[in-house]
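Peer 1: Next up, input06.cif (mmCIF, C-alpha atoms).
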data_data
loop_
_atom_site.label_atom_id
_atom_site.label_comp_id
_atom_site.auth_asym_id
_atom_site.auth_seq_id
_atom_site.Cartn_x
_atom_site.Cartn_y
_atom_site.Cartn_z
CA MET I 155 88.85 -166.90 -131.12
CA ASN I 156 89.01 -168.89 -127.88
CA SER I 157 88.84 -167.40 -124.41
CA ASP I 158 92.63 -167.53 -123.89
CA GLU I 159 93.14 -165.46 -127.03
CA LYS I 160 90.43 -163.00 -125.99
CA LEU I 161 92.12 -162.59 -122.60
CA ARG I 162 95.53 -162.10 -124.24
CA LEU I 163 94.10 -159.41 -126.51
CA LEU I 164 92.42 -157.65 -123.60
CA ARG I 165 95.64 -157.72 -121.54
CA SER I 166 97.71 -156.25 -124.35
CA ASP I 167 95.17 -153.60 -125.33
CA VAL I 168 93.95 -152.27 -121.97
CA ASP I 169 96.61 -151.63 -119.30
CA LEU I 170 94.10 -152.13 -116.53
CA PHE I 171 93.94 -155.84 -117.42
CA ALA I 172 97.69 -156.43 -117.85
CA ALA I 173 97.80 -159.00 -115.04
CA ALA I 174 94.17 -160.10 -115.14
CA GLN I 175 93.09 -163.75 -114.88
CA PRO I 176 89.69 -165.18 -115.86
CA ASP I 177 88.60 -165.23 -112.22
CA THR I 178 89.78 -161.67 -111.47
CA VAL I 179 86.90 -159.71 -109.99
CA LEU I 180 86.39 -156.50 -111.98
CA ALA I 181 85.54 -154.38 -108.96
CA ALA I 182 88.81 -155.49 -107.34
CA LEU I 183 90.97 -154.09 -110.15
CA PRO I 184 92.97 -151.11 -108.83
CA ASP I 185 91.66 -148.65 -111.43
CA TRP I 186 88.17 -150.04 -111.87
CA GLY I 187 85.63 -147.26 -112.51
CA SER I 188 83.81 -145.28 -115.17
CA LEU I 189 86.96 -144.70 -117.22
CA ALA I 190 87.70 -148.44 -117.24
CA VAL I 191 84.20 -149.07 -118.61
CA LEU I 192 84.84 -146.65 -121.48
CA LEU I 193 88.13 -148.39 -122.28
CA ILE I 194 86.32 -151.75 -122.42
CA ILE I 195 83.66 -150.33 -124.73
CA VAL I 196 86.36 -149.10 -127.12
CA HIS I 197 88.23 -152.41 -126.90
CA PHE I 198 85.12 -154.40 -127.81
CA GLU I 199 84.20 -151.96 -130.56
CA GLU I 200 87.66 -151.88 -132.15
CA LYS I 201 88.64 -155.52 -131.80
CA TYR I 202 85.27 -157.24 -132.22
CA ARG I 203 83.01 -154.60 -133.85
CA LEU I 204 80.78 -155.18 -130.86
CA THR I 205 78.88 -152.37 -129.12
CA VAL I 206 78.15 -153.12 -125.47
CA THR I 207 76.28 -151.02 -122.93
CA GLY I 208 77.37 -149.90 -119.51
CA ALA I 209 74.68 -152.12 -118.00
CA GLN I 210 76.12 -155.18 -119.75
CA ILE I 211 79.58 -154.45 -118.38
CA HIS I 212 78.32 -153.65 -114.89
CA GLY I 213 76.42 -156.95 -115.00
CA CYS I 214 79.72 -158.84 -115.17
CA ARG I 215 81.49 -159.84 -111.95
CA THR I 216 84.69 -161.36 -113.34
CA VAL I 217 86.95 -161.03 -116.36
CA ALA I 218 85.61 -164.36 -117.66
CA GLU I 219 82.06 -163.02 -117.55
CA LEU I 220 83.20 -159.90 -119.38
CA LEU I 221 84.84 -161.92 -122.14
CA ALA I 222 81.70 -164.06 -122.40
CA LEU I 223 79.92 -161.00 -123.81
CA ILE I 224 81.91 -161.59 -127.00
CA PRO I 225 79.97 -164.01 -129.25
CA MET D 151 74.47 -149.45 -147.96
CA PRO D 152 77.37 -150.42 -145.68
CA LEU D 153 80.53 -148.39 -146.07
CA ALA D 154 83.92 -149.60 -144.89
CA HIS D 155 85.48 -147.05 -142.58
CA GLY D 156 88.34 -146.32 -140.19
CA SER D 157 89.55 -149.12 -137.97
CA SER D 158 86.21 -150.67 -137.26
CA GLY D 159 83.25 -152.37 -138.85
CA PRO D 160 80.69 -151.53 -141.49
CA LEU D 161 78.17 -148.80 -140.89
CA VAL D 162 74.62 -148.48 -142.08
CA LEU D 163 74.45 -144.97 -143.43
CA GLN D 164 71.52 -142.79 -142.54
CA THR D 165 69.57 -141.84 -145.65
CA LYS D 166 66.47 -140.16 -144.17
CA MET D 167 66.33 -136.67 -142.68
CA HIS D 168 68.98 -135.41 -144.99
CA SER D 169 68.63 -131.82 -146.16
CA SER D 170 70.75 -129.66 -148.45
CA LEU D 171 70.17 -125.93 -148.10
CA SER D 172 71.60 -123.48 -150.61
CA ASN D 173 71.87 -119.70 -150.78
CA ILE D 174 72.78 -119.36 -147.12
CA ARG D 175 75.99 -118.68 -145.22
CA LEU D 176 77.33 -118.49 -141.69
CA ALA D 177 78.18 -114.83 -141.37
CA GLY D 178 79.40 -114.58 -137.78
CA LEU D 179 80.25 -116.49 -134.61
CA ALA D 180 80.78 -115.49 -130.98
CA VAL D 181 80.99 -117.32 -127.65
CA THR D 182 80.84 -116.02 -124.10
CA THR D 183 81.76 -118.34 -121.23
CA GLY D 184 81.33 -118.31 -117.47
CA SER D 185 84.15 -116.53 -115.63
CA VAL D 186 84.93 -118.90 -112.75
CA VAL D 187 87.85 -121.23 -113.52
CA ARG D 188 87.56 -124.67 -111.94
CA ASN D 189 90.63 -126.90 -111.99
CA PHE D 190 90.05 -130.64 -112.38
CA ILE D 191 93.08 -131.75 -110.35
CA ALA D 192 92.59 -129.24 -107.53
CA ASP D 193 88.87 -130.03 -107.24
CA GLY D 194 89.59 -133.76 -107.24
CA LEU D 195 92.24 -133.49 -104.55
CA ALA D 196 89.80 -131.46 -102.44
CA ALA D 197 87.27 -134.27 -102.89
CA GLY D 198 89.79 -136.77 -101.51
CA ILE D 199 90.83 -138.45 -104.77
CA ASP D 200 94.50 -139.39 -105.13
CA ARG D 201 96.62 -137.37 -107.54
CA ALA D 202 97.74 -140.33 -109.67
CA THR D 203 94.14 -141.31 -110.46
CA LEU D 204 93.25 -137.72 -111.25
CA GLU D 205 96.21 -137.22 -113.55
CA ARG D 206 95.52 -140.47 -115.39
CA THR D 207 91.88 -139.47 -115.89
CA ALA D 208 92.84 -135.92 -116.87
CA LYS D 209 95.20 -137.22 -119.53
CA THR D 210 92.77 -139.77 -120.97
CA ILE D 211 89.59 -137.70 -120.90
CA GLY D 212 91.31 -134.38 -121.56
CA LEU D 213 90.10 -132.54 -118.50
CA ARG D 214 92.13 -129.63 -117.13
CA GLU D 215 90.05 -126.52 -116.57
CA ARG D 216 86.47 -125.54 -117.08
CA ARG D 217 84.72 -122.21 -116.85
CA VAL D 218 81.44 -121.97 -115.00
CA ALA D 219 79.05 -119.09 -114.57
CA THR D 220 78.93 -116.96 -111.46
CA PRO D 221 75.66 -116.92 -109.48
CA GLY D 222 72.98 -114.93 -111.27
CA ILE D 223 74.46 -115.39 -114.75
CA THR D 224 72.30 -117.55 -117.02
CA ALA D 225 72.52 -118.96 -120.52
CA LEU D 226 70.40 -116.00 -121.63
CA ASP D 227 72.98 -113.56 -120.25
CA LEU D 228 75.87 -115.44 -121.87
CA CYS D 229 74.13 -115.58 -125.26
CA ALA D 230 73.01 -111.95 -125.05
CA ASP D 231 76.61 -110.90 -124.41
CA ALA D 232 77.87 -113.01 -127.32
CA THR D 233 75.18 -111.54 -129.58
CA THR D 234 75.91 -107.94 -128.65
CA ARG D 235 79.63 -108.38 -129.20
CA LEU D 236 79.05 -110.14 -132.52
CA LEU D 237 76.67 -107.50 -133.86
CA THR D 238 79.18 -104.82 -132.91
CA GLU D 239 82.01 -106.72 -134.58
CA MET D 240 79.89 -107.13 -137.74
CA GLY D 241 78.66 -103.53 -137.70
CA LEU D 242 75.04 -104.67 -137.67
CA ASP D 243 72.00 -103.17 -136.01
CA ALA D 244 69.90 -105.54 -133.91
CA THR D 245 66.79 -104.54 -135.84
CA SER D 246 68.22 -106.22 -138.95
CA ILE D 247 67.62 -109.65 -137.36
CA ASP D 248 64.61 -111.37 -138.91
CA ALA D 249 64.21 -114.28 -136.46
CA VAL D 250 65.70 -115.65 -133.25
CA ILE D 251 66.22 -119.32 -132.44
CA PHE D 252 67.44 -120.08 -128.91
CA VAL D 253 68.78 -123.57 -128.17
CA THR D 254 68.90 -124.29 -124.45
CA GLN D 255 67.79 -126.67 -121.74
CA THR D 256 68.57 -124.20 -118.97
CA PRO D 257 66.21 -121.34 -119.85
CA ASP D 258 65.54 -118.50 -117.44
CA HIS D 259 61.90 -119.65 -117.08
CA SER D 260 59.58 -122.27 -118.50
CA GLN D 261 57.50 -119.29 -119.74
CA PRO D 262 58.33 -117.05 -121.54
CA ASN D 263 61.01 -118.67 -123.64
CA ASN D 264 64.56 -117.35 -123.80
CA ALA D 265 64.24 -116.26 -127.44
CA SER D 266 61.42 -113.86 -126.54
CA LEU D 267 63.35 -112.52 -123.55
CA LEU D 268 66.36 -111.92 -125.79
CA HIS D 269 64.12 -110.29 -128.40
CA GLY D 270 62.94 -107.82 -125.78
CA ARG D 271 66.40 -107.24 -124.34
CA LEU D 272 67.92 -106.45 -127.75
CA GLY D 273 64.95 -104.43 -129.00
CA LEU D 274 64.33 -106.51 -132.11
CA SER D 275 61.72 -105.85 -134.76
CA LYS D 276 58.15 -106.98 -134.03
CA SER D 277 58.18 -108.84 -137.32
CA ALA D 278 60.94 -111.14 -136.00
CA PRO D 279 59.55 -114.43 -134.68
CA THR D 280 61.23 -116.16 -131.74
CA TYR D 281 61.36 -119.71 -130.55
CA ASP D 282 63.39 -121.99 -128.31
CA LEU D 283 64.63 -125.44 -129.17
CA SER D 284 64.87 -127.62 -126.09
CA MET D 285 68.01 -129.47 -127.08
CA GLY D 286 71.44 -130.00 -125.59
CA CYS D 287 74.70 -131.08 -127.18
CA SER D 288 73.24 -131.77 -130.62
CA GLY D 289 71.23 -128.54 -130.60
CA TRP D 290 73.54 -126.14 -132.38
CA VAL D 291 73.41 -128.24 -135.54
CA THR D 292 69.63 -128.54 -135.42
CA GLY D 293 69.39 -124.80 -134.74
CA LEU D 294 71.69 -124.13 -137.69
CA GLN D 295 69.49 -126.25 -139.93
CA GLN D 296 66.40 -124.37 -138.71
CA ALA D 297 68.09 -121.00 -139.25
CA ALA D 298 69.18 -122.09 -142.73
CA LEU D 299 65.62 -123.21 -143.50
CA LEU D 300 64.28 -119.81 -142.46
CA CYS D 301 66.78 -118.12 -144.77
CA ALA D 302 66.39 -120.53 -147.66
CA HIS D 303 62.62 -120.93 -147.59
CA GLY D 304 61.12 -118.88 -144.74
CA GLY D 305 61.50 -115.32 -145.93
CA ALA D 306 64.33 -114.38 -143.55
CA ALA D 307 67.49 -112.61 -144.68
CA ARG D 308 69.32 -112.77 -141.33
CA VAL D 309 68.67 -115.17 -138.43
CA LEU D 310 70.23 -115.11 -134.99
CA LEU D 311 70.93 -118.55 -133.57
CA CYS D 312 71.79 -118.59 -129.87
CA ALA D 313 72.87 -121.81 -128.20
CA GLY D 314 74.05 -122.30 -124.66
CA ASP D 315 73.54 -123.78 -121.23
CA THR D 316 74.59 -123.53 -117.61
CA LEU D 317 74.74 -127.26 -116.93
CA SER D 318 77.22 -126.82 -114.07
CA ARG D 319 74.24 -125.70 -111.99
CA LEU D 320 72.50 -129.04 -112.50
CA THR D 321 75.28 -131.42 -111.53
CA ASN D 322 76.00 -132.57 -107.97
CA PRO D 323 79.51 -131.75 -106.67
CA GLY D 324 79.45 -135.22 -105.11
CA ASP D 325 79.01 -136.85 -108.54
CA ARG D 326 82.59 -137.26 -109.71
CA SER D 327 81.50 -139.03 -112.91
CA THR D 328 79.59 -136.00 -114.24
CA ASP D 329 80.25 -132.83 -112.26
CA PRO D 330 83.86 -132.25 -113.45
CA LEU D 331 82.84 -132.36 -117.10
CA PHE D 332 80.65 -129.33 -117.65
CA GLY D 333 81.40 -125.69 -118.32
CA ASP D 334 78.89 -122.89 -118.93
CA ALA D 335 78.74 -120.92 -122.16
CA GLY D 336 76.49 -119.13 -124.62
CA SER D 337 77.04 -118.70 -128.35
CA ALA D 338 75.69 -116.45 -131.07
CA THR D 339 75.67 -117.43 -134.73
CA ILE D 340 74.43 -115.21 -137.54
CA VAL D 341 73.07 -117.03 -140.58
CA GLU D 342 72.30 -115.03 -143.72
CA LYS D 343 70.61 -115.52 -147.05
CA THR D 344 73.03 -115.02 -149.92
CA GLY D 345 73.36 -115.71 -153.62
CA ARG D 346 75.98 -118.35 -152.94
CA SER D 347 74.87 -121.72 -154.20
CA ALA D 348 77.22 -124.11 -152.35
CA PRO D 349 74.83 -125.90 -150.00
CA LEU D 350 75.13 -126.86 -146.36
CA HIS D 351 74.15 -130.48 -145.79
CA PHE D 352 72.48 -131.81 -142.68
CA VAL D 353 71.64 -135.24 -141.31
CA LEU D 354 69.58 -135.24 -138.12
CA GLY D 355 68.38 -138.12 -135.98
CA ALA D 356 67.28 -139.32 -132.58
CA ASP D 357 66.94 -142.45 -130.47
CA GLY D 358 64.39 -141.73 -127.80
CA SER D 359 64.65 -145.27 -126.47
CA GLY D 360 67.86 -144.11 -124.81
CA ALA D 361 66.38 -140.95 -123.33
CA GLU D 362 67.03 -142.08 -119.75
CA ALA D 363 70.79 -142.01 -120.32
CA ILE D 364 70.95 -138.26 -119.67
CA ARG D 365 68.20 -136.88 -117.50
CA VAL D 366 67.16 -134.38 -114.87
CA LYS D 367 64.31 -136.28 -113.25
CA GLN D 368 62.67 -133.51 -111.26
CA SER D 369 62.54 -130.62 -113.69
CA GLY D 370 59.17 -130.40 -115.39
CA ALA D 371 55.45 -131.06 -115.28
CA ARG D 372 55.85 -134.84 -114.83
CA GLN D 373 57.98 -134.45 -111.74
CA PRO D 374 58.29 -130.90 -110.44
CA VAL D 375 61.14 -130.22 -108.04
CA GLY D 376 60.04 -131.48 -104.64
CA SER D 377 61.73 -133.10 -101.70
CA LEU D 378 65.25 -134.17 -102.57
CA THR D 379 67.11 -137.14 -101.14
CA GLU D 380 70.67 -137.91 -102.17
CA HIS D 381 71.44 -141.36 -103.57
CA THR D 382 74.93 -142.89 -103.74
CA ASP D 383 75.81 -145.22 -106.61
CA ALA D 384 78.19 -148.19 -106.58
CA GLU D 385 81.15 -145.94 -107.32
CA GLY D 386 80.30 -143.52 -104.52
CA ASN D 387 78.85 -140.76 -106.71
CA ARG D 388 76.08 -138.78 -105.02
CA THR D 389 73.06 -137.33 -106.84
CA HIS D 390 69.50 -136.29 -106.12
CA ASP D 391 66.51 -136.18 -108.46
CA ALA D 392 66.97 -132.54 -109.48
CA ASN D 393 70.53 -133.22 -110.63
CA LEU D 394 71.64 -133.93 -114.16
CA VAL D 395 72.45 -137.64 -114.12
CA MET D 396 74.35 -139.17 -117.00
CA LYS D 397 75.01 -142.83 -117.67
CA GLY D 398 78.37 -142.15 -119.26
CA ALA D 399 79.00 -145.63 -120.61
CA ASP D 400 75.60 -145.79 -122.30
CA VAL D 401 76.06 -142.34 -123.83
CA PHE D 402 79.46 -143.46 -125.10
CA SER D 403 77.99 -146.64 -126.62
CA PHE D 404 75.28 -144.57 -128.29
CA THR D 405 77.90 -142.19 -129.66
CA LEU D 406 79.99 -144.98 -131.15
CA ARG D 407 76.87 -146.59 -132.60
CA GLU D 408 75.27 -143.54 -134.26
CA VAL D 409 77.68 -140.68 -134.78
CA PRO D 410 80.22 -142.17 -137.23
CA GLY D 411 77.40 -143.21 -139.58
CA ALA D 412 75.80 -139.77 -139.42
CA ILE D 413 79.12 -138.10 -140.23
CA GLU D 414 79.87 -140.41 -143.11
CA SER D 415 76.33 -140.00 -144.43
CA VAL D 416 76.42 -136.19 -144.44
CA MET D 417 79.90 -136.24 -145.99
CA ARG D 418 78.72 -138.52 -148.73
CA HIS D 419 75.88 -136.07 -149.49
CA ALA D 420 78.43 -133.24 -149.62
CA GLY D 421 80.85 -135.25 -151.73
CA TYR D 422 83.52 -134.93 -149.03
CA ILE D 423 86.19 -137.41 -148.00
CA PRO D 424 88.42 -136.96 -144.93
CA ALA D 425 91.60 -136.31 -146.96
CA THR D 426 90.12 -133.24 -148.65
CA THR D 427 88.03 -131.96 -145.74
CA ASP D 428 89.70 -129.20 -143.73
CA ALA D 429 88.27 -130.08 -140.33
CA LEU D 430 85.97 -132.37 -138.40
CA VAL D 431 84.33 -130.22 -135.74
CA LEU D 432 82.53 -132.26 -133.11
CA HIS D 433 80.59 -131.52 -129.96
CA GLN D 434 83.37 -131.21 -127.38
CA ALA D 435 82.28 -133.99 -125.04
CA ASN D 436 85.77 -135.06 -124.00
CA ARG D 437 89.09 -135.84 -125.67
CA PHE D 438 88.63 -139.59 -125.35
CA ILE D 439 85.36 -139.56 -127.29
CA LEU D 440 86.65 -137.11 -129.89
CA SER D 441 89.81 -139.06 -130.63
CA THR D 442 87.79 -142.28 -130.89
CA LEU D 443 85.31 -140.67 -133.32
CA ALA D 444 88.09 -139.11 -135.41
CA LYS D 445 89.78 -142.48 -135.72
CA LYS D 446 86.54 -144.25 -136.66
CA THR D 447 85.68 -141.71 -139.36
CA GLY D 448 89.15 -141.57 -140.91
CA PHE D 449 90.18 -138.10 -139.74
CA THR D 450 93.54 -137.24 -138.20
CA ALA D 451 93.88 -135.63 -134.80
CA ASP D 452 95.20 -132.49 -136.52
CA GLN D 453 91.94 -132.18 -138.47
CA THR D 454 89.83 -132.53 -135.33
CA PRO D 455 89.78 -129.66 -132.81
CA MET D 456 89.74 -131.20 -129.30
CA SER D 457 91.02 -128.49 -127.01
CA VAL D 458 87.77 -126.84 -125.92
CA VAL D 459 87.01 -129.40 -123.24
CA GLU D 460 90.38 -129.00 -121.48
CA HIS D 461 90.10 -125.21 -121.42
CA PHE D 462 86.37 -124.68 -120.95
CA GLY D 463 84.69 -128.03 -120.21
CA ASN D 464 81.78 -129.63 -122.05
CA GLN D 465 79.67 -126.60 -123.02
CA SER D 466 76.57 -128.43 -124.27
CA SER D 467 75.13 -126.73 -127.37
CA ALA D 468 77.78 -123.97 -127.31
CA SER D 469 80.68 -126.35 -127.77
CA ILE D 470 80.72 -126.59 -131.59
CA PRO D 471 80.76 -122.81 -132.15
CA CYS D 472 83.39 -122.58 -129.40
CA ALA D 473 85.49 -125.24 -131.14
CA LEU D 474 85.13 -123.41 -134.46
CA ILE D 475 86.43 -120.21 -132.86
CA HIS D 476 89.04 -121.73 -130.55
CA GLY D 477 90.53 -124.04 -133.15
CA LEU D 478 89.88 -122.37 -136.49
CA ALA D 479 89.15 -118.64 -136.06
CA ASP D 480 91.92 -117.28 -138.31
CA ARG D 481 91.24 -119.79 -141.06
CA LEU D 482 87.48 -119.20 -140.88
CA GLU D 483 87.92 -115.45 -141.14
CA ALA D 484 89.99 -116.02 -144.30
CA GLY D 485 87.75 -118.92 -145.42
CA PRO D 486 86.14 -120.83 -146.90
CA LEU D 487 86.90 -124.13 -145.20
CA LYS D 488 85.35 -127.48 -145.99
CA ILE D 489 84.02 -128.60 -142.64
CA ALA D 490 82.14 -131.63 -141.41
CA GLY D 491 80.83 -131.89 -137.89
CA CYS D 492 78.38 -133.47 -135.51
CA GLY D 493 76.62 -132.68 -132.27
CA PHE D 494 75.37 -135.58 -130.14
CA GLY D 495 73.93 -136.10 -126.71
CA VAL D 496 70.77 -135.72 -124.64
CA GLY D 497 67.64 -137.12 -126.24
CA LEU D 498 69.43 -139.15 -127.32
CA SER D 499 69.93 -137.17 -130.50
CA TRP D 500 72.46 -136.18 -133.12
CA GLY D 501 72.92 -133.66 -135.89
CA ALA D 502 75.66 -133.83 -138.52
CA PHE D 503 76.57 -131.14 -141.02
CA ALA D 504 78.98 -130.63 -143.90
CA GLY D 505 79.71 -127.72 -146.14
CA GLU D 506 81.86 -124.69 -146.78
CA ILE D 507 82.06 -122.23 -143.89
CA GLY D 508 83.72 -118.84 -144.13
CA PRO D 509 84.86 -116.25 -144.69
CA LEU D 510 82.99 -114.97 -141.66
CA THR D 511 83.29 -112.60 -138.73
CA VAL D 512 84.57 -114.10 -135.48
CA ALA D 513 84.30 -112.28 -132.16
CA PRO D 514 86.92 -113.52 -129.66
CA ILE D 515 85.89 -115.82 -126.83
CA GLN D 516 85.30 -113.77 -123.70
CA THR D 517 83.97 -114.32 -120.18
CA LEU D 518 81.00 -112.71 -118.46
CA PRO D 519 81.60 -110.82 -116.28
CA ARG D 520 84.93 -109.81 -117.77
#
Could you show the structure in this file as structure tokens?
Peer 2:
Amino acid sequence: MNSDEKLRLLRSDVDLFAAAQPDTVLAALPDWGSLAVLLIIVHFEEKYRLTVTGAQIHGCRTVAELLALIP
Amino acid sequence: MPLAHGSSGPLVLQTKMHSSLSNIRLAGLAVTTGSVVRNFIADGLAAGIDRATLERTAKTIGLRERRVATPGITALDLCADATTRLLTEMGLDATSIDAVIFVTQTPDHSQPNNASLLHGRLGLSKSAPTYDLSMGCSGWVTGLQQAALLCAHGGAARVLLCAGDTLSRLTNPGDRSTDPLFGDAGSATIVEKTGRSAPLHFVLGADGSGAEAIRVKQSGARQPVGSLTEHTDAEGNRTHDANLVMKGADVFSFTLREVPGAIESVMRHAGYIPATTDALVLHQANRFILSTLAKKTGFTADQTPMSVVEHFGNQSSASIPCALIHGLADRLEAGPLKIAGCGFGVGLSWGAFAGEIGPLTVAPIQTLPR
């Protein structure tokens, strides 16, 4: 899956990212916070069978960096 | 061996630390909660958070109200009240109890332990041993396994298992990621030796490498409570070193990684599948976690009680008995029900169980003071 497809899947699955672009800064998202982190963990787990930690997510600055966690 | 499951990937099932204990039964359950009702929306508005954010969080996480203890009421008081009510309901004398196990991480003192204090308060027999288990959200299952062991192989005919905490005292009101979650409660469970052969199955485990994910830093011999300075994290949550601090995302990752496999493992030992299991009773962390776990393990929402957290909050080790009573009391009294369940949390640790529960005596959930 290429990065465009990963972004499309994230946008459709997690409302928070509905209008996100690769260079969108996570902390600038209107509803960014602990709940958003949980939603990302579930998204990665359900769509990619990938378990990520809070530290990994908090280590990402942009949406592109977040999607780069997916192998 | 990997087992396909739910909507997600393969799991490696846990095969060690499985036990099957026969000739025992759960004979009674009671829960007493704190009496002060705290409202998630009202508290959030008072903290300056906008209503839309609060309502969105409340809906997703399942937070509405929680019940916390009034000053001076401890986990020991809550469990003692639950025990007294349960013994009355069952028509039992306290001297018939052969052992006391008390699961808590908010004991009255570091010495003596809560189980001994309860022993003295209830006037139990001198032949009844007492011990505490320092465990949190997974502790009721471990305590149940210990109580079952005492009945199956330890010479006891009737064991009192108390499990409860007052975690609301440990959180910082300025920590919006943790403080709104916890309620205070104490439970009493009576486990008895019987001639019934249907076993209860247990799978227990721990991952101490994640122990920092839930911690009260200044609380013991390593770091006694001393001078306290508040820290503010990137999201504006304030805590000091004597507060319970939880890395929610890491606890959630741990839960997704370990709990589904533990549940499927214990169900395999019991010969259970979701379609023919009456209920999946989980530690009531929050609705979001419970619905995710139910989905991953192939259970429906109707099979999975989730309402404790929105009425009472996360009650630590008292939450599974509270969920059994709140969601299944009538059916348990008529029993038996095929139930699977799992506690998970601080440690990090988990305990899964599966087996027939009921018919048993259920004392209604009450507050202290009433």
Peer 1: Can you spell out as an NGL selection string the set of residues that the PyMOL selection byres ((chain D and resi 487-495) around 8) selects in the structure I just provided?
Peer 2: :D and (286-291 or 364 or 401 or 405 or 409 or 412-413 or 416-417 or 426-433 or 467 or 470 or 481-482 or 485-486 or 496-508)
Peer 1: Could the residues in this selection be saved with C-alpha atoms as a compact mmCIF listing (two decimals), keeping the file's coordinate frame?
Peer 2:
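Listing of selection01.txt after writing:
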# COMPACT_ATOMS: atom_id res chain seq x y z
CA GLY D 286 71.44 -130.00 -125.59
CA CYS D 287 74.70 -131.08 -127.18
CA SER D 288 73.24 -131.77 -130.62
CA GLY D 289 71.23 -128.54 -130.60
CA TRP D 290 73.54 -126.14 -132.38
CA VAL D 291 73.41 -128.24 -135.54
CA ILE D 364 70.95 -138.26 -119.67
CA VAL D 401 76.06 -142.34 -123.83
CA THR D 405 77.90 -142.19 -129.66
CA VAL D 409 77.68 -140.68 -134.78
CA ALA D 412 75.80 -139.77 -139.42
CA ILE D 413 79.12 -138.10 -140.23
CA VAL D 416 76.42 -136.19 -144.44
CA MET D 417 79.90 -136.24 -145.99
CA THR D 426 90.12 -133.24 -148.65
CA THR D 427 88.03 -131.96 -145.74
CA ASP D 428 89.70 -129.20 -143.73
CA ALA D 429 88.27 -130.08 -140.33
CA LEU D 430 85.97 -132.37 -138.40
CA VAL D 431 84.33 -130.22 -135.74
CA LEU D 432 82.53 -132.26 -133.11
CA HIS D 433 80.59 -131.52 -129.96
CA SER D 467 75.13 -126.73 -127.37
CA ILE D 470 80.72 -126.59 -131.59
CA ARG D 481 91.24 -119.79 -141.06
CA LEU D 482 87.48 -119.20 -140.88
CA GLY D 485 87.75 -118.92 -145.42
CA PRO D 486 86.14 -120.83 -146.90
CA VAL D 496 70.77 -135.72 -124.64
CA GLY D 497 67.64 -137.12 -126.24
CA LEU D 498 69.43 -139.15 -127.32
CA SER D 499 69.93 -137.17 -130.50
CA TRP D 500 72.46 -136.18 -133.12
CA GLY D 501 72.92 -133.66 -135.89
CA ALA D 502 75.66 -133.83 -138.52
CA PHE D 503 76.57 -131.14 -141.02
CA ALA D 504 78.98 -130.63 -143.90
CA GLY D 505 79.71 -127.72 -146.14
CA GLU D 506 81.86 -124.69 -146.78
CA ILE D 507 82.06 -122.23 -143.89
CA GLY D 508 83.72 -118.84 -144.13
Peer 1: Give me the result of the PyMOL selection byres ((chain I and resi 181) around 10) on this file, residue by residue, as a PyMOL selection string.
Peer 2: (chain I and resi 178-180+182-187+212+214-216) or (chain D and resi 384-385)
Peer 1: Quick one: everything within 12 Å of I:Met155, counting only C-alpha atoms, minus sequence neighbours fewer than 5 positions away in the same chain. Send it as an mmCIF file with C-alpha atoms, in the frame of the given file.
Peer 2:
data_model
loop_
_atom_site.group_PDB
_atom_site.id
_atom_site.type_symbol
_atom_site.label_atom_id
_atom_site.label_comp_id
_atom_site.auth_asym_id
_atom_site.auth_seq_id
_atom_site.Cartn_x
_atom_site.Cartn_y
_atom_site.Cartn_z
ATOM 1 C CA LYS I 160 90.430 -163.000 -125.990
ATOM 2 C CA LEU I 161 92.120 -162.590 -122.600
ATOM 3 C CA ARG I 162 95.530 -162.100 -124.240
ATOM 4 C CA LEU I 163 94.100 -159.410 -126.510
ATOM 5 C CA LYS I 201 88.640 -155.520 -131.800
ATOM 6 C CA TYR I 202 85.270 -157.240 -132.220
ATOM 7 C CA LEU I 221 84.840 -161.920 -122.140
ATOM 8 C CA ALA I 222 81.700 -164.060 -122.400
ATOM 9 C CA ILE I 224 81.910 -161.590 -127.000
ATOM 10 C CA PRO I 225 79.970 -164.010 -129.250
#
Peer 1: Please write the residues picked by the PyMOL selection byres ((chain D) within 10 of (chain I)) on this file as a list in words.
Peer 2: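 When the PyMOL selection byres ((chain D) within 10 of (chain I)) is applied to the shown file, the picked residues are Gly156, Ser157, Ser158, Gly159, Pro160, Thr203, Arg206, Thr207, Thr210, Ile211, Arg326, Ser327, Ala384, Glu385, Lys397, Gly398, Ala399, Asp400, Val401, Phe402, Ser403, Phe404, Leu406, Arg407, Phe438, Ile439, Thr442 and Lys446 of chain D.
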Peer 1: So the first atom is atom CA of D:Pro262 and the second is atom CA of D:Leu311; what is the distance between them in Å, to one decimal place?
Peer 2: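 About the pair atom CA of D:Pro262 and atom CA of D:Leu311: they are 17.5 Å apart.
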Peer 1: Between atom CA of D:Leu310 and atom CA of D:Leu267, what distance in Å does the model show, to one decimal?
Peer 2: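 Interatomic distance here is 13.6 Å.
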Peer 1: Mind pulling up the distance from atom CA of D:Thr245 to atom CA of D:Leu274?
Peer 2: 4.9 Å
Peer 1: Between I:Asn156, I:Val217, I:Phe198, I:Leu223, which is the closest to I:Gln175 once you count all atoms listed in the file?
Peer 2: I:Val217
